[in-house]
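Reproduced below: work_3.pdb, with PDB, C-alpha atoms.
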ATOM      1  CA  MET W   1     164.218 131.737  84.171  1.00  0.00           C
ATOM      2  CA  SER W   2     165.339 128.436  82.828  1.00  0.00           C
ATOM      3  CA  SER W   3     163.471 125.204  82.718  1.00  0.00           C
ATOM      4  CA  ALA W   4     164.567 122.508  85.125  1.00  0.00           C
ATOM      5  CA  THR W   5     163.798 119.734  82.674  1.00  0.00           C
ATOM      6  CA  ARG W   6     166.024 118.846  79.760  1.00  0.00           C
ATOM      7  CA  THR W   7     164.669 117.447  76.552  1.00  0.00           C
ATOM      8  CA  ALA W   8     166.259 114.230  75.351  1.00  0.00           C
ATOM      9  CA  SER W   9     168.044 114.158  72.047  1.00  0.00           C
ATOM     10  CA  ALA W  10     166.573 112.150  69.177  1.00  0.00           C
ATOM     11  CA  THR W  11     169.630 109.888  69.385  1.00  0.00           C
ATOM     12  CA  THR W  12     169.632 109.201  73.092  1.00  0.00           C
ATOM     13  CA  GLY W  13     171.617 106.364  74.540  1.00  0.00           C
ATOM     14  CA  ILE W  14     171.207 104.638  77.887  1.00  0.00           C
ATOM     15  CA  GLY W  15     169.867 106.834  80.661  1.00  0.00           C
ATOM     16  CA  GLY W  16     169.153 109.815  78.430  1.00  0.00           C
ATOM     17  CA  VAL W  17     172.824 110.390  77.620  1.00  0.00           C
ATOM     18  CA  PRO W  18     173.215 111.296  73.947  1.00  0.00           C
ATOM     19  CA  ALA W  19     174.606 108.439  71.899  1.00  0.00           C
ATOM     20  CA  PRO W  20     177.785 109.140  69.972  1.00  0.00           C
ATOM     21  CA  ALA W  21     177.267 109.943  66.309  1.00  0.00           C
ATOM     22  CA  ASP W  22     179.423 106.975  65.284  1.00  0.00           C
ATOM     23  CA  VAL W  23     177.133 104.550  67.114  1.00  0.00           C
ATOM     24  CA  THR W  24     174.041 106.059  65.517  1.00  0.00           C
ATOM     25  CA  ARG W  25     175.583 105.952  62.041  1.00  0.00           C
ATOM     26  CA  ALA W  26     176.651 102.324  62.512  1.00  0.00           C
ATOM     27  CA  ARG W  27     173.165 101.379  63.665  1.00  0.00           C
ATOM     28  CA  THR W  28     171.592 103.128  60.670  1.00  0.00           C
ATOM     29  CA  ARG W  29     174.056 101.437  58.308  1.00  0.00           C
ATOM     30  CA  ARG W  30     173.297  97.965  59.744  1.00  0.00           C
ATOM     31  CA  ARG W  31     169.577  98.630  59.379  1.00  0.00           C
ATOM     32  CA  ALA W  32     170.099  99.695  55.754  1.00  0.00           C
ATOM     33  CA  ILE W  33     172.064  96.499  55.066  1.00  0.00           C
ATOM     34  CA  ARG W  34     169.275  94.356  56.543  1.00  0.00           C
ATOM     35  CA  VAL W  35     166.545  96.098  54.543  1.00  0.00           C
ATOM     36  CA  THR W  36     168.583  95.956  51.328  1.00  0.00           C
ATOM     37  CA  ALA W  37     169.183  92.245  51.905  1.00  0.00           C
ATOM     38  CA  GLY W  38     165.412  91.805  52.297  1.00  0.00           C
ATOM     39  CA  ILE W  39     164.780  93.676  49.042  1.00  0.00           C
ATOM     40  CA  THR W  40     167.364  91.505  47.265  1.00  0.00           C
ATOM     41  CA  ILE W  41     165.950  88.237  48.606  1.00  0.00           C
ATOM     42  CA  GLY W  42     162.415  89.376  47.760  1.00  0.00           C
ATOM     43  CA  SER W  43     163.387  90.173  44.189  1.00  0.00           C
ATOM     44  CA  LEU W  44     165.087  86.779  43.847  1.00  0.00           C
ATOM     45  CA  ALA W  45     161.879  85.152  45.088  1.00  0.00           C
ATOM     46  CA  LEU W  46     159.907  87.146  42.502  1.00  0.00           C
ATOM     47  CA  LEU W  47     162.344  86.013  39.806  1.00  0.00           C
ATOM     48  CA  VAL W  48     161.868  82.352  40.719  1.00  0.00           C
ATOM     49  CA  ASP W  49     158.094  82.796  40.912  1.00  0.00           C
ATOM     50  CA  LEU W  50     157.891  84.462  37.497  1.00  0.00           C
ATOM     51  CA  LEU W  51     160.009  81.736  35.946  1.00  0.00           C
ATOM     52  CA  LEU W  52     157.941  78.962  37.560  1.00  0.00           C
ATOM     53  CA  VAL W  53     154.642  80.341  36.241  1.00  0.00           C
ATOM     54  CA  GLY W  54     156.035  80.553  32.717  1.00  0.00           C
ATOM     55  CA  HIS W  55     156.260  84.321  32.462  1.00  0.00           C
ATOM     56  CA  THR W  56     158.767  83.920  29.617  1.00  0.00           C
ATOM     57  CA  VAL W  57     156.778  84.197  26.374  1.00  0.00           C
ATOM     58  CA  GLY W  58     157.087  87.276  24.187  1.00  0.00           C
ATOM     59  CA  GLU W  59     156.912  90.555  26.087  1.00  0.00           C
ATOM     60  CA  GLU W  60     156.335  88.674  29.338  1.00  0.00           C
ATOM     61  CA  ILE W  61     160.080  88.092  29.544  1.00  0.00           C
ATOM     62  CA  TRP W  62     160.424  91.647  30.887  1.00  0.00           C
ATOM     63  CA  GLY W  63     159.033  90.486  34.244  1.00  0.00           C
ATOM     64  CA  PRO W  64     161.906  88.088  34.989  1.00  0.00           C
ATOM     65  CA  VAL W  65     164.395  90.540  33.465  1.00  0.00           C
ATOM     66  CA  THR W  66     163.156  93.268  35.821  1.00  0.00           C
ATOM     67  CA  ALA W  67     163.368  90.882  38.791  1.00  0.00           C
ATOM     68  CA  ALA W  68     166.927  89.932  37.835  1.00  0.00           C
ATOM     69  CA  VAL W  69     167.943  93.587  37.445  1.00  0.00           C
ATOM     70  CA  THR W  70     166.402  94.362  40.836  1.00  0.00           C
ATOM     71  CA  ALA W  71     168.351  91.520  42.455  1.00  0.00           C
ATOM     72  CA  GLY W  72     171.562  92.715  40.790  1.00  0.00           C
ATOM     73  CA  VAL W  73     171.104  96.297  41.941  1.00  0.00           C
ATOM     74  CA  GLY W  74     170.312  94.991  45.419  1.00  0.00           C
ATOM     75  CA  LEU W  75     173.570  93.025  45.483  1.00  0.00           C
ATOM     76  CA  LEU W  76     175.513  96.066  44.289  1.00  0.00           C
ATOM     77  CA  SER W  77     173.868  98.170  47.010  1.00  0.00           C
ATOM     78  CA  LEU W  78     174.776  95.567  49.631  1.00  0.00           C
ATOM     79  CA  MET W  79     178.401  95.653  48.513  1.00  0.00           C
ATOM     80  CA  PHE W  80     178.365  99.455  48.555  1.00  0.00           C
ATOM     81  CA  LEU W  81     176.914  99.598  52.070  1.00  0.00           C
ATOM     82  CA  ALA W  82     179.367  96.979  53.376  1.00  0.00           C
ATOM     83  CA  VAL W  83     182.450  98.925  52.250  1.00  0.00           C
ATOM     84  CA  ARG W  84     183.702 101.644  54.585  1.00  0.00           C
ATOM     85  CA  GLY W  85     185.269 103.979  52.015  1.00  0.00           C
ATOM     86  CA  ARG W  86     182.482 104.983  49.652  1.00  0.00           C
ATOM     87  CA  SER W  87     182.564 106.807  46.363  1.00  0.00           C
ATOM     88  CA  ARG W  88     180.086 109.554  45.606  1.00  0.00           C
ATOM     89  CA  LEU W  89     179.996 108.476  41.943  1.00  0.00           C
ATOM     90  CA  ALA W  90     179.130 104.900  42.927  1.00  0.00           C
ATOM     91  CA  ARG W  91     176.289 106.145  45.121  1.00  0.00           C
ATOM     92  CA  ILE W  92     174.890 108.308  42.315  1.00  0.00           C
ATOM     93  CA  LEU W  93     175.070 105.368  39.893  1.00  0.00           C
ATOM     94  CA  LEU W  94     173.220 103.167  42.382  1.00  0.00           C
ATOM     95  CA  TYR W  95     170.511 105.821  42.757  1.00  0.00           C
ATOM     96  CA  ALA W  96     170.174 105.865  38.963  1.00  0.00           C
ATOM     97  CA  LEU W  97     169.890 102.064  38.871  1.00  0.00           C
ATOM     98  CA  TRP W  98     167.190 102.067  41.561  1.00  0.00           C
ATOM     99  CA  VAL W  99     165.250 104.706  39.616  1.00  0.00           C
ATOM    100  CA  PHE W 100     165.662 102.544  36.499  1.00  0.00           C
ATOM    101  CA  VAL W 101     164.128  99.598  38.397  1.00  0.00           C
ATOM    102  CA  ALA W 102     161.222 101.813  39.451  1.00  0.00           C
ATOM    103  CA  PHE W 103     160.625 102.857  35.839  1.00  0.00           C
ATOM    104  CA  LEU W 104     160.748  99.216  34.682  1.00  0.00           C
ATOM    105  CA  GLY W 105     157.978  98.474  37.177  1.00  0.00           C
ATOM    106  CA  PHE W 106     155.926 101.366  35.867  1.00  0.00           C
ATOM    107  CA  GLY W 107     156.498 100.146  32.301  1.00  0.00           C
ATOM    108  CA  GLY W 108     155.216  96.726  33.329  1.00  0.00           C
ATOM    109  CA  TYR W 109     152.138  98.374  34.796  1.00  0.00           C
ATOM    110  CA  ASN W 110     151.474 100.108  31.470  1.00  0.00           C
ATOM    111  CA  ASP W 111     151.919  96.820  29.620  1.00  0.00           C
ATOM    112  CA  HIS W 112     149.600  94.965  32.000  1.00  0.00           C
ATOM    113  CA  ARG W 113     146.798  97.525  31.893  1.00  0.00           C
ATOM    114  CA  LEU W 114     146.551  97.726  28.087  1.00  0.00           C
ATOM    115  CA  PRO W 115     144.765  94.962  26.180  1.00  0.00           C
ATOM    116  CA  ARG W 116     146.920  92.657  24.111  1.00  0.00           C
ATOM    117  CA  PRO W 117     146.481  92.569  20.366  1.00  0.00           C
ATOM    118  CA  ALA W 118     144.758  89.307  19.444  1.00  0.00           C
ATOM    119  CA  ASP W 119     147.229  88.459  16.719  1.00  0.00           C
ATOM    120  CA  THR W 120     150.469  88.731  18.727  1.00  0.00           C
ATOM    121  CA  ILE W 121     150.196  86.162  21.519  1.00  0.00           C
ATOM    122  CA  ALA W 122     148.012  83.084  21.750  1.00  0.00           C
ATOM    123  CA  ASP W 123     147.740  83.423  25.531  1.00  0.00           C
ATOM    124  CA  GLN W 124     144.972  85.931  26.231  1.00  0.00           C
ATOM    125  CA  ARG W 125     144.809  85.508  30.033  1.00  0.00           C
ATOM    126  CA  GLU W 126     143.944  88.513  32.165  1.00  0.00           C
ATOM    127  CA  ARG W 127     147.001  90.206  33.580  1.00  0.00           C
ATOM    128  CA  PRO W 128     146.910  91.849  37.010  1.00  0.00           C
ATOM    129  CA  PRO W 129     147.610  95.503  36.228  1.00  0.00           C
ATOM    130  CA  LEU W 130     149.080  96.454  39.604  1.00  0.00           C
ATOM    131  CA  ALA W 131     151.458  93.475  39.954  1.00  0.00           C
ATOM    132  CA  PRO W 132     154.478  95.114  38.244  1.00  0.00           C
ATOM    133  CA  LEU W 133     154.249  98.095  40.580  1.00  0.00           C
ATOM    134  CA  VAL W 134     155.956  95.850  43.141  1.00  0.00           C
ATOM    135  CA  PHE W 135     159.175  96.647  41.304  1.00  0.00           C
ATOM    136  CA  THR W 136     158.418 100.367  41.439  1.00  0.00           C
ATOM    137  CA  GLY W 137     158.050 100.044  45.206  1.00  0.00           C
ATOM    138  CA  LEU W 138     161.265  98.034  45.461  1.00  0.00           C
ATOM    139  CA  GLY W 139     163.122 100.644  43.406  1.00  0.00           C
ATOM    140  CA  ILE W 140     161.910 103.525  45.561  1.00  0.00           C
ATOM    141  CA  ALA W 141     162.592 101.606  48.774  1.00  0.00           C
ATOM    142  CA  GLY W 142     166.072 100.648  47.582  1.00  0.00           C
ATOM    143  CA  ALA W 143     166.968 104.265  46.825  1.00  0.00           C
ATOM    144  CA  VAL W 144     165.608 105.542  50.154  1.00  0.00           C
ATOM    145  CA  VAL W 145     167.407 102.855  52.146  1.00  0.00           C
ATOM    146  CA  LEU W 146     170.629 103.492  50.237  1.00  0.00           C
ATOM    147  CA  ARG W 147     170.299 107.178  51.124  1.00  0.00           C
ATOM    148  CA  SER W 148     169.734 106.514  54.809  1.00  0.00           C
ATOM    149  CA  GLY W 149     172.587 104.014  55.015  1.00  0.00           C
ATOM    150  CA  SER W 150     175.165 106.098  53.165  1.00  0.00           C
ATOM    151  CA  LYS W 151     174.767 109.619  54.522  1.00  0.00           C
ATOM    152  CA  GLU W 152     177.901 111.740  54.526  1.00  0.00           C
ATOM    153  CA  GLU W 153     179.977 111.361  57.646  1.00  0.00           C
TER     154      GLU W 153
END

Serialized structure, structure tokens:
Amino acid sequence: MSSATRTASATTGIGGVPAPADVTRARTRRRAIRVTAGITIGSLALLVDLLLVGHTVGEEIWGPVTAAVTAGVGLLSLMFLAVRGRSRLARILLYALWVFVAFLGFGGYNDHRLPRPADTIADQRERPPLAPLVFTGLGIAGAVVLRSGSKEE
């Protein structure tokens, strides 16, 4: 006794016909390129914002440095996703760079949550402790998107 209804595949095309794997992979790759471009543009915007507010004194310089590193890793990921022939070593290095960006964001969080010594910097403004975690989120998102856009064929 068989069922008269057929379940549709997760990658269905028009009219319930399964889409070819090449079409699905290309669609996933284009989506990964768009998201990575958004991450890169967002990190460039953060870099400009941090520079405009004067986040360049003493240890504060790590904010713009982290934003610049994030933009650089985003550009490298875009180049990696745009190339058809991909190297496994390059992908692993990009994962390591995205994890490095995530750790830089966590380091910024630790720096923001601890009080500053009164004798080191004249500027004793309150620092938002969760702000640097944006880079942790960008690092995690960059690694996940790189994974989804560069799955083995």

Show me a table, sorted first by chain and then by increasing residue number, of the residues of stretch 3-111 of chain W having an atom at most 6 Å from stretch 129-141 of chain W, each with its shortest atom pair and the distance in Å to one decimal, counting all atoms listed in the file and written as CSV.
residue,atom,partner,partner_atom,distance
W:Trp98,CA,W:Gly139,CA,4.7
W:Val99,CA,W:Gly139,CA,5.9
W:Val101,CA,W:Gly139,CA,5.2
W:Ala102,CA,W:Thr136,CA,3.7
W:Gly105,CA,W:Phe135,CA,4.7
W:Phe106,CA,W:Leu133,CA,6.0
W:Gly108,CA,W:Pro132,CA,5.2
W:Tyr109,CA,W:Pro132,CA,5.3

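Atom to atom, atom CA of W:Leu76 and atom CA of W:Pro64 stand 18.3 Å apart.
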
Residues returned when the PyMOL selection byres ((chain W and resi 91) around 9) runs on this file, as a PDB file with C-alpha atoms, in the coordinates of the input:
ATOM      1  CA  SER W  77     173.868  98.170  47.010  1.00  0.00           C
ATOM      2  CA  PHE W  80     178.365  99.455  48.555  1.00  0.00           C
ATOM      3  CA  ARG W  86     182.482 104.983  49.652  1.00  0.00           C
ATOM      4  CA  SER W  87     182.564 106.807  46.363  1.00  0.00           C
ATOM      5  CA  ARG W  88     180.086 109.554  45.606  1.00  0.00           C
ATOM      6  CA  LEU W  89     179.996 108.476  41.943  1.00  0.00           C
ATOM      7  CA  ALA W  90     179.130 104.900  42.927  1.00  0.00           C
ATOM      8  CA  ILE W  92     174.890 108.308  42.315  1.00  0.00           C
ATOM      9  CA  LEU W  93     175.070 105.368  39.893  1.00  0.00           C
ATOM     10  CA  LEU W  94     173.220 103.167  42.382  1.00  0.00           C
ATOM     11  CA  TYR W  95     170.511 105.821  42.757  1.00  0.00           C
ATOM     12  CA  ALA W  96     170.174 105.865  38.963  1.00  0.00           C
ATOM     13  CA  LEU W 146     170.629 103.492  50.237  1.00  0.00           C
ATOM     14  CA  ARG W 147     170.299 107.178  51.124  1.00  0.00           C
ATOM     15  CA  SER W 150     175.165 106.098  53.165  1.00  0.00           C
TER      16      SER W 150
END

Atom pair atom CA of W:Ser43 + atom CA of W:Val83, distance 22.5 Å

Exercise. I need the residue set behind the PyMOL selection byres ((chain W and resi 27-42) around 7) for this file; please write it as a ChimeraX atom specification.
Key: /W:23-26,43-46,71,74-75,78,81,138,142,145-146,148-149

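Near W:Val65, within 10 Å and counting all atoms listed in the file, sit W:Leu47, W:Leu50, W:Thr56, W:Glu60, W:Thr70, W:Ala71, W:Leu104; same-chain residues fewer than 5 positions away were not included.
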
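Atom CA of W:Leu114 sits 23.9 Å away from atom CA of W:Leu52.
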
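Among the candidate residues W:Val48, W:Val53, W:Phe100, W:Pro20, the one lying nearest to W:Ala143 is W:Phe100, with distances computed using all atoms listed in the file.
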
Show me, as JSON, the centre and edge lengths in Å to one decimal of the axis-aligned box that covers every listed atom of stretch 127-146 of chain W with 3 Å on each side.
{"center_x": 158.8, "center_y": 97.9, "center_z": 42.9, "size_x": 29.7, "size_y": 21.3, "size_z": 24.6}

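Distances here use only C-alpha atoms; by that measure, the residue among W:Gly54, W:Pro128, W:Gly72, W:Gly63 closest to W:Leu97 is W:Gly72.
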
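Using all atoms listed in the file for every distance, the candidate list W:Ala67, W:Asp22, W:Trp62, W:Arg84 yields W:Trp62 as the residue closest to W:His112.
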